[in-house]
$ cat protein39.txt   # compact mmCIF, C-alpha atoms
# COMPACT_ATOMS: atom_id res chain seq x y z
CA GLN G 158 29.51 179.72 120.25
CA SER G 159 29.62 183.51 119.95
CA SER G 160 32.81 184.28 121.87
CA ARG G 161 35.69 186.41 120.62
CA VAL G 162 38.06 183.45 121.02
CA ARG G 163 35.93 181.29 118.73
CA SER G 164 35.57 184.01 116.10
CA ASP G 165 39.35 184.52 116.12
CA LEU G 166 39.85 180.79 115.64
CA VAL G 167 37.40 180.73 112.72
CA LEU G 168 39.25 183.63 111.08
CA ASP G 169 42.61 181.90 111.62
CA LEU G 170 41.25 178.69 110.07
CA TYR G 171 39.88 180.67 107.13
CA GLU G 172 43.25 182.35 106.48
CA GLU G 173 45.07 179.01 106.79
CA ILE G 174 42.78 177.06 104.46
CA ILE G 175 42.18 179.79 101.85
CA GLY G 176 45.59 181.43 102.05
CA ILE G 177 47.91 178.42 102.42
CA LEU G 178 46.30 175.02 101.87
CA SER G 179 44.02 175.71 98.90
CA PRO G 180 46.45 177.74 96.72
CA THR G 181 49.16 175.08 97.09
CA GLY G 182 46.78 172.18 96.40
CA THR G 183 47.28 170.72 99.89
CA PHE G 184 44.14 168.65 100.33
CA PRO G 185 43.67 166.32 103.34
CA ASP G 186 44.31 163.25 101.18
CA ALA G 187 47.35 164.66 99.32
CA GLY G 188 50.04 162.58 101.05
CA ASP G 189 53.30 164.29 100.05
CA LYS G 190 51.93 167.81 100.33
CA VAL G 191 50.32 167.05 103.68
CA ALA G 192 53.65 165.72 104.99
CA GLU G 193 55.39 168.88 103.76
CA TYR G 194 52.73 171.09 105.35
CA LEU G 195 52.96 169.30 108.71
CA SER G 196 56.76 169.63 108.90
CA ALA G 197 57.25 173.08 107.32
CA GLU G 198 58.97 175.90 109.18
CA ARG G 199 56.44 178.30 110.63
CA ASP G 200 56.83 182.08 110.44
CA GLU G 201 55.21 183.94 113.34
CA THR G 202 53.36 186.22 110.92
CA LEU G 203 51.24 183.25 109.79
CA PRO G 204 48.14 182.05 111.66
CA PRO G 205 49.24 180.50 114.97
CA PHE G 206 49.07 176.80 114.09
CA LYS G 207 52.59 176.07 115.30
CA SER G 208 52.65 172.40 116.28
CA LYS G 209 52.01 169.32 114.19
CA ALA G 210 48.85 168.71 116.23
CA ASP G 211 47.62 172.24 115.44
CA ARG G 212 48.00 171.63 111.71
CA GLU G 213 46.42 168.19 111.94
CA PHE G 214 43.43 169.96 113.49
CA VAL G 215 43.34 172.37 110.50
CA LEU G 216 43.39 169.41 108.10
CA ALA G 217 40.59 167.72 110.05
CA VAL G 218 38.46 170.87 109.77
CA TYR G 219 39.25 171.11 106.05
CA ALA G 220 38.33 167.44 105.53
CA LYS G 221 35.03 168.00 107.37
CA ILE G 222 34.22 170.98 105.15
CA LEU G 223 34.87 168.95 102.00
CA GLU G 224 32.81 166.05 103.36
CA GLN G 225 29.85 168.32 104.07
CA LEU G 226 30.07 169.86 100.60
CA VAL G 227 29.92 166.40 99.04
CA ASP G 228 26.90 165.51 101.17
CA LEU G 229 25.16 168.73 100.09
CA GLY G 230 26.17 168.32 96.46
CA SER G 231 27.67 171.81 96.61
CA VAL G 232 30.92 173.59 95.82
CA THR G 233 32.42 176.79 97.18
CA THR G 234 33.62 179.70 95.09
CA ASP G 235 37.16 178.80 96.17
CA GLN G 236 36.77 175.35 94.61
CA LEU G 237 35.37 176.87 91.42
CA VAL G 238 38.46 179.07 91.22
CA ALA G 239 40.71 176.06 91.83
CA ASP G 240 38.96 174.16 89.03
CA ALA G 241 39.30 177.17 86.72
CA ILE G 242 43.03 177.35 87.41
CA ARG G 243 43.41 173.73 86.31
CA VAL G 244 41.66 174.62 83.03
CA PHE G 245 43.79 177.74 82.50
CA GLU G 246 46.97 175.72 83.01
CA THR G 247 46.13 173.25 80.24
CA PHE G 248 47.80 173.18 76.82
CA SER G 249 44.48 173.85 75.10
CA TRP G 250 43.99 177.16 76.94
CA ASN G 251 47.55 178.24 76.15
CA VAL G 252 46.72 177.67 72.46
CA ARG G 253 43.48 179.67 72.70
CA ARG G 254 44.55 182.46 75.05
CA GLU G 255 45.90 184.76 72.29
CA THR G 256 42.44 184.89 70.71
CA GLU G 257 40.27 184.56 73.84
CA GLY G 258 42.42 186.05 76.58
CA TYR G 259 41.86 189.56 77.94
CA ASP G 260 43.90 192.55 76.76
CA TYR G 261 43.25 194.57 79.92
CA ILE G 262 42.08 193.55 83.36
CA LEU G 263 40.84 196.20 85.79
CA ILE G 264 40.59 195.15 89.44
CA ASP G 265 39.02 197.09 92.29
CA GLU G 266 39.63 196.16 95.94
CA LEU G 267 42.48 193.81 95.05
CA GLN G 268 43.23 193.28 98.74
CA LEU G 269 40.05 191.18 98.98
CA PHE G 270 41.40 188.65 96.45
CA ASP G 271 43.26 185.74 98.03
CA SER G 272 46.43 184.30 96.51
CA GLN G 273 44.50 181.59 94.65
CA GLU G 274 42.22 184.15 93.02
CA ARG G 275 45.19 186.29 92.06
CA LEU G 276 46.77 183.31 90.36
CA ALA G 277 43.56 182.72 88.38
CA ILE G 278 43.53 186.37 87.30
CA SER G 279 47.11 186.14 86.02
CA LEU G 280 46.10 183.21 83.78
CA LEU G 281 43.24 185.08 82.10
CA SER G 282 45.43 187.43 80.08
CA ARG G 283 46.11 187.24 76.36
CA SER G 284 49.89 187.33 76.81
CA LYS G 285 51.44 184.27 78.43
CA PRO G 286 54.68 185.84 79.74
CA GLY G 287 52.83 188.47 81.74
CA MET G 288 49.83 190.73 81.80
CA GLU G 289 48.95 194.39 81.96
CA PHE G 290 46.49 195.23 84.69
CA LEU G 291 45.27 198.22 86.62
CA SER G 292 44.24 197.62 90.21
CA VAL G 293 43.09 199.58 93.22
CA GLU G 294 44.45 198.08 96.41
CA ASP G 295 44.95 198.96 100.05
CA PRO G 296 47.29 196.28 101.47
CA SER G 297 46.40 197.41 104.98
CA GLN G 298 42.91 195.96 104.56
CA GLY G 299 43.92 192.61 103.10
CA LEU G 300 43.80 189.32 105.00
CA PHE G 301 45.68 187.50 102.25
CA SER G 302 48.48 189.72 101.03
CA ARG G 303 50.72 188.55 103.85
CA VAL G 304 49.53 184.95 104.24
CA ASN G 305 51.03 183.02 101.36
CA GLU G 306 54.19 184.45 99.88
CA ARG G 307 54.77 181.32 97.78
CA THR G 308 52.14 182.32 95.23
CA LYS G 309 52.95 185.83 94.04
CA ALA G 310 50.81 185.83 90.93
CA LEU G 311 50.56 189.58 90.36
CA LYS G 312 53.46 191.99 90.53
CA ALA G 313 52.66 195.64 89.89
CA ARG G 314 55.12 197.43 87.64
CA GLU G 315 54.22 200.92 88.83
CA SER G 316 52.27 202.46 91.69
CA TYR G 317 50.23 205.66 91.58
CA TYR G 318 49.15 207.66 94.58
CA LEU G 319 46.42 210.28 94.86
CA GLU G 320 47.82 213.47 96.33
CA GLU G 321 44.54 214.91 97.60
CA PRO G 322 42.43 213.26 100.31
CA HIS G 323 38.86 212.72 99.11
CA ARG G 324 37.44 210.66 101.97
CA PHE G 325 38.71 212.16 105.22
CA ARG G 326 38.57 215.52 106.93
CA ALA G 327 41.76 217.21 108.03
CA GLY G 328 42.99 215.74 111.30
CA LEU G 329 41.45 212.37 110.61
CA VAL G 330 43.55 211.86 107.49
CA ASP G 331 46.74 212.41 109.51
CA PHE G 332 45.79 209.61 111.89
CA ILE G 333 44.79 207.23 109.06
CA ALA G 334 48.08 207.89 107.27
CA PHE G 335 49.94 207.20 110.53
CA LEU G 336 48.28 203.79 110.82
CA TYR G 337 48.82 203.08 107.12
CA ARG G 338 52.58 203.54 107.45
CA LYS G 339 52.75 200.94 110.23
CA PHE G 340 52.07 198.07 107.81
CA PRO G 341 55.16 196.34 106.43
CA LEU G 342 53.71 196.25 102.89
CA ASN G 343 53.06 200.00 102.81
CA GLN G 344 56.62 201.08 102.14
CA ILE G 345 55.71 204.17 100.13
CA PRO G 346 53.97 206.78 102.29
CA LEU G 347 50.69 208.39 101.29
CA LYS G 348 50.94 211.82 99.69
CA PHE G 349 48.30 214.38 100.50
CA SER G 350 47.74 218.04 101.21
CA THR G 351 45.05 219.62 103.34
CA SER G 352 43.47 223.07 103.17
CA GLU G 353 40.64 222.83 105.69
CA ALA G 354 40.60 225.42 108.43
CA VAL G 355 38.78 223.17 110.92
CA VAL G 356 40.85 220.20 112.09
CA ARG G 357 39.01 217.45 113.96
CA LYS G 358 41.40 215.02 115.53
CA PRO G 359 40.12 211.61 116.58
CA ARG G 360 39.18 211.39 120.25
CA LEU G 361 40.15 208.68 122.71
CA PHE G 362 37.84 207.67 125.57
CA VAL G 363 39.04 205.27 128.28
CA ILE G 364 36.01 203.77 130.05
CA SER G 365 36.61 200.69 132.17
CA SER G 366 33.07 199.70 133.16
CA GLN G 367 30.53 198.07 130.85
CA GLU G 368 27.83 200.36 132.21
CA GLY G 369 29.97 203.39 131.41
CA ARG G 370 30.60 202.26 127.84
CA ALA G 371 26.91 201.49 127.33
CA GLU G 372 25.93 204.97 128.54
CA TRP G 373 28.62 206.52 126.33
CA CYS G 374 27.11 204.78 123.29
CA ARG G 375 23.66 206.11 124.07
CA GLN G 376 24.99 209.66 124.50
CA LYS G 377 26.94 209.43 121.25
CA VAL G 378 23.89 208.37 119.24
CA ALA G 379 21.80 211.12 120.84
CA SER G 380 24.47 213.64 119.81
CA VAL G 381 24.49 212.46 116.18
CA MET G 382 20.69 212.34 115.96
CA ALA G 383 20.42 215.90 117.30
CA ALA G 384 22.92 217.31 114.80
CA LYS G 385 21.76 219.86 112.21
CA ASP G 386 23.39 217.84 109.44
CA LYS G 387 20.79 215.13 108.73
CA ALA G 388 23.22 213.30 106.44
CA ARG G 389 25.31 212.17 109.39
CA ARG G 390 25.30 208.46 110.13
CA ILE G 391 27.13 206.58 112.85
CA CYS G 392 28.62 203.10 112.83
CA PHE G 393 29.93 201.35 115.93
CA VAL G 394 32.80 199.21 114.67
CA CYS G 395 33.50 196.58 117.29
CA LEU G 396 36.52 194.50 118.09
CA GLY G 397 35.97 191.34 120.11
CA ASP G 398 32.62 190.97 121.86
CA GLU G 399 31.73 194.66 122.18
CA ASP G 400 29.00 194.48 119.52
CA GLN G 401 26.61 192.72 121.92
CA LEU G 402 27.13 195.36 124.59
CA VAL G 403 26.48 198.19 122.12
CA TYR G 404 23.43 196.44 120.65
CA ASP G 405 21.83 195.87 124.06
CA ALA G 406 22.52 199.47 125.13
CA LEU G 407 20.94 201.02 122.03
CA LYS G 408 17.95 198.67 121.84
CA ASP G 409 17.18 199.46 125.48
CA ALA G 410 17.08 203.13 124.43
CA ASP G 411 14.68 202.29 121.55
CA TYR G 412 17.05 203.30 118.76
CA SER G 413 16.65 201.73 115.32
CA VAL G 414 19.68 199.48 114.86
CA VAL G 415 21.16 197.62 111.88
CA ARG G 416 23.52 194.87 112.96
CA MET G 417 26.08 193.65 110.41
CA MET G 418 27.07 190.06 111.19
CA SER G 419 28.25 189.02 107.73
CA TYR G 420 29.34 190.54 104.42
CA ASP G 421 25.82 190.03 103.06
CA ASP G 422 24.40 192.40 105.66
CA VAL G 423 25.86 195.41 103.81
CA GLU G 424 22.66 195.38 101.71
CA LYS G 425 20.68 196.41 104.80
CA LEU G 426 22.38 199.82 104.81
CA SER G 427 20.69 200.99 101.61
CA TYR G 428 17.11 200.83 102.90
CA GLN G 429 17.62 201.71 106.60
CA LYS G 430 19.50 204.97 106.16
CA ARG G 431 18.67 206.60 109.49
CA SER G 432 19.46 203.56 111.58
CA VAL G 433 22.49 203.19 113.81
CA VAL G 434 24.91 200.58 112.45
CA ILE G 435 26.75 198.05 114.61
CA ALA G 436 29.34 195.83 112.95
CA GLN G 437 32.27 193.57 113.65
CA TRP G 438 35.39 195.03 112.06
CA GLN G 439 35.72 192.16 109.55
CA TYR G 440 32.51 193.17 107.76
CA VAL G 441 32.93 196.94 107.24
CA GLY G 442 35.30 196.92 104.24
CA GLY G 443 33.96 199.08 101.42
CA THR G 444 31.59 201.07 103.67
CA GLN G 445 31.83 204.72 104.72
CA PHE G 446 30.13 206.70 107.50
CA THR G 447 30.40 210.28 108.67
CA ASP G 448 30.80 209.12 112.27
CA VAL G 449 32.54 206.02 113.56
CA ALA G 450 33.03 204.81 117.11
CA LEU G 451 35.68 202.09 117.36
CA MET G 452 34.91 199.92 120.39
CA ILE G 453 37.97 198.06 121.71
CA PRO G 454 37.28 195.41 124.40
CA PRO G 455 39.48 194.53 127.40
CA VAL G 456 41.75 192.04 125.62
CA ALA G 457 45.29 190.94 126.38
CA ARG G 458 48.32 192.40 124.65
CA PRO G 459 49.07 190.55 121.34
CA ALA G 460 51.59 187.77 121.97
CA ASN G 461 53.19 187.44 118.50
CA ALA G 462 53.61 189.13 115.13
CA HIS G 463 50.44 187.57 113.69
CA ALA G 464 48.32 188.82 116.60
CA ARG G 465 49.90 192.29 116.45
CA LEU G 466 49.18 192.54 112.73
CA ARG G 467 45.60 191.33 113.29
CA GLU G 468 45.06 194.05 115.89
CA LEU G 469 46.60 196.73 113.65
CA THR G 470 44.47 195.56 110.70
CA SER G 471 41.27 195.71 112.76
CA ILE G 472 42.04 199.19 114.10
CA TYR G 473 43.00 200.51 110.67
CA LEU G 474 40.00 198.99 108.89
CA GLY G 475 37.59 200.22 111.55
CA THR G 476 38.88 203.77 111.87
CA SER G 477 39.24 204.30 108.12
CA ARG G 478 35.44 203.90 107.72
CA ALA G 479 34.98 207.40 109.19
CA SER G 480 34.96 210.40 106.88
CA SER G 481 34.44 213.18 109.41
CA ASP G 482 34.21 212.18 113.07
CA LEU G 483 36.09 209.38 114.83
CA ASP G 484 35.96 208.24 118.46
CA ILE G 485 37.98 205.38 119.94
CA VAL G 486 36.62 203.80 123.12
CA CYS G 487 38.99 201.59 125.12
CA THR G 488 38.92 199.93 128.51
CA ALA G 489 41.90 199.68 130.86
CA ARG G 490 44.26 198.53 128.09
CA VAL G 491 44.87 201.02 125.30
CA PRO G 492 46.58 199.35 122.30
CA GLU G 493 50.18 200.43 121.81
CA ILE G 494 49.50 201.89 118.37
CA ILE G 495 46.82 204.18 119.86
CA GLN G 496 49.19 205.23 122.64
CA GLU G 497 51.83 206.08 120.05
CA ALA G 498 49.37 208.16 118.05
CA LYS G 499 48.38 210.00 121.21
CA LYS G 500 52.03 210.68 121.99
CA ASP G 501 52.45 212.12 118.48
CA ARG G 502 49.40 214.35 119.12
CA LEU G 503 47.38 212.76 116.34
CA ILE G 504 44.51 211.96 118.72
CA THR G 505 43.26 213.60 121.89
CA GLU G 506 42.15 211.85 125.06
CA THR G 507 38.80 213.10 126.31
CA LYS G 508 36.73 212.61 129.42
CA SER G 509 33.95 210.02 129.18
CA VAL G 510 31.29 212.42 127.91
CA VAL G 511 30.22 212.98 124.32
CA PRO G 512 30.89 216.52 123.05
CA GLN G 513 27.95 218.21 121.33
CA ARG G 514 28.60 219.41 117.77
$ encode --input "protein39.txt" --output "structure tokens"
Amino acid sequence: QSSRVRSDLVLDLYEEIIGILSPTGTFPDAGDKVAEYLSAERDETLPPFKSKADREFVLAVYAKILEQLVDLGSVTTDQLVADAIRVFETFSWNVRRETEGYDYILIDELQLFDSQERLAISLLSRSKPGMEFLSVEDPSQGLFSRVNERTKALKARESYYLEEPHRFRAGLVDFIAFLYRKFPLNQIPLKFSTSEAVVRKPRLFVISSQEGRAEWCRQKVASVMAAKDKARRICFVCLGDEDQLVYDALKDADYSVVRMMSYDDVEKLSYQKRSVVIAQWQYVGGTQFTDVALMIPPVARPANAHARLRELTSIYLGTSRASSDLDIVCTARVPEIIQEAKKDRLITETKSVVPQR
């Protein structure tokens, strides 16, 4: 029920249904579109539903979701968006759009919008041929920007890049920029200059035993709590099943802990400011902490392009939550991207003790 394998499957199903089936109108009872979906060529960057049986399973899950919604008398936001698109594609809206459409649309965190939502946005404008919009987007954080290339609703005419880093200390920004450039969508490199005298590179800890990682977590929290800067706050961003290990270790040491297990849990951060935060990597988008410890479990090497991109996305999203201090804790297997960064001297490997600062 709570295993890493199951959570990965749920995320794959989510990407498949929201990123591929829903935007193309492929519902379980849509005969022609279902037949096309079942027989379509499969790129390895898409969620790993390769066989016909795999995709029949996806359709069965989708049908069950729709059945439960009918029983509950409920709709999802995705279905509301789909209904809105049908309205915005009507002749009557095209007649009214010049008087009721928007002149400007400003979008923050565009990477969180799936392809269906982007299509809806493009239909809200006053001008039918196209629309002027200003968006803030980090493609490296998006689950959807790579999923469904058939629905490219928004095409930016120009891109603008900040030249000064405003979120990361020197040393950390070099590592984040290194990860950023590894994404296929990030063709234009980040531009930045640094003037800080003190450079804090991320640190890598390789600790094979669960007991060792648990003790490391306790030492790390003790170090942050003892710091002179009372504004420091640490978040343990966990890949796989490491969140349970960290939670048990810190509760045993009587630390106050906030555990983020959904997007809604972000609200907890505002009224428990001195608590230690533990979160799965999927739920930390939009947050920022002075200190971050990225906990990477003993998982197998990614077998295909989709799995490699998932691992890169999780590492990038987790590490980019840190503004000042970043630690990466691995077991026997250190991901290739971390090894490459170490080789380029962007991170330093450290013994399994927490340095006092």
$ residues_around --input "protein39.txt" --residues "Phe335 of chain G" --least-positions-apart "4" --cutoff "12 Å" --atoms "all atoms listed in the file" --output "MDAnalysis selection string"
chainID G and resid 297 328:331 339:340 343 346:348 469 472:473 476:477 494:495 497:499 501:504
$ atom_distance --input "protein39.txt" --atom1 "atom CA of Asp186 of chain G" --atom2 "atom CA of Ile174 of chain G"
14.3 Å
$ residues_around --input "protein39.txt" --residues "segment 444-448 of chain G" --least-positions-apart "4" --cutoff "9 Å" --atoms "only C-alpha atoms" --output "tab-separated table (two decimals) with C-alpha atoms, in the coordinates of the input"
chain	number	residue	atom	x	y	z
G	324	ARG	CA	37.44	210.66	101.97
G	381	VAL	CA	24.49	212.46	116.18
G	388	ALA	CA	23.22	213.30	106.44
G	389	ARG	CA	25.31	212.17	109.39
G	390	ARG	CA	25.30	208.46	110.13
G	391	ILE	CA	27.13	206.58	112.85
G	392	CYS	CA	28.62	203.10	112.83
G	393	PHE	CA	29.93	201.35	115.93
G	423	VAL	CA	25.86	195.41	103.81
G	440	TYR	CA	32.51	193.17	107.76
G	477	SER	CA	39.24	204.30	108.12
G	478	ARG	CA	35.44	203.90	107.72
G	479	ALA	CA	34.98	207.40	109.19
G	480	SER	CA	34.96	210.40	106.88
G	481	SER	CA	34.44	213.18	109.41
G	482	ASP	CA	34.21	212.18	113.07
G	483	LEU	CA	36.09	209.38	114.83
G	484	ASP	CA	35.96	208.24	118.46
$ atom_distance --input "protein39.txt" --atom1 "atom CA of Arg283 of chain G" --atom2 "atom CA of Arg253 of chain G"
8.8 Å
$ residues_near_point --input "protein39.txt" --point "(32.3, 199.2, 116.5)" --cutoff "8 Å" --atoms "all atoms listed in the file" --output "ChimeraX atom specification"
/G:392-396,399-400,435-438,449-453,475
$ atom_distance --input "protein39.txt" --atom1 "atom CA of Leu466 of chain G" --atom2 "atom CA of Asp398 of chain G"
19.0 Å
$ residues_around --input "protein39.txt" --residues "Arg199 of chain G" --least-positions-apart "6" --cutoff "12 Å" --atoms "all atoms listed in the file" --output "ChimeraX atom specification"
/G:177,193,205-209,211-212,304-305,463
$ closest_residue --input "protein39.txt" --among "G:Ser196, G:Ser413, G:Thr234, G:Ser427" --to "Phe270 of chain G" --atoms "only C-alpha atoms"
G:Thr234
$ residues_around --input "protein39.txt" --residues "Phe184 of chain G" --least-positions-apart "2" --cutoff "10 Å" --atoms "all atoms listed in the file" --output "list in words"
Ile174, Leu178, Ser179, Thr181, Gly182, Asp186, Ala187, Gly188, Lys190, Val191, Leu216, Tyr219, Ala220 and Leu223 of chain G
$ residues_around --input "protein39.txt" --residues "Leu402 of chain G" --least-positions-apart "4" --cutoff "10 Å" --atoms "only C-alpha atoms" --output "ChimeraX atom specification"
/G:367-368,370-371,374,395,398,406-407,452
$ closest_residue --input "protein39.txt" --among "G:Asp235, G:Asp271, G:Arg243, G:Ser432" --to "Lys387 of chain G" --atoms "all atoms listed in the file"
G:Ser432
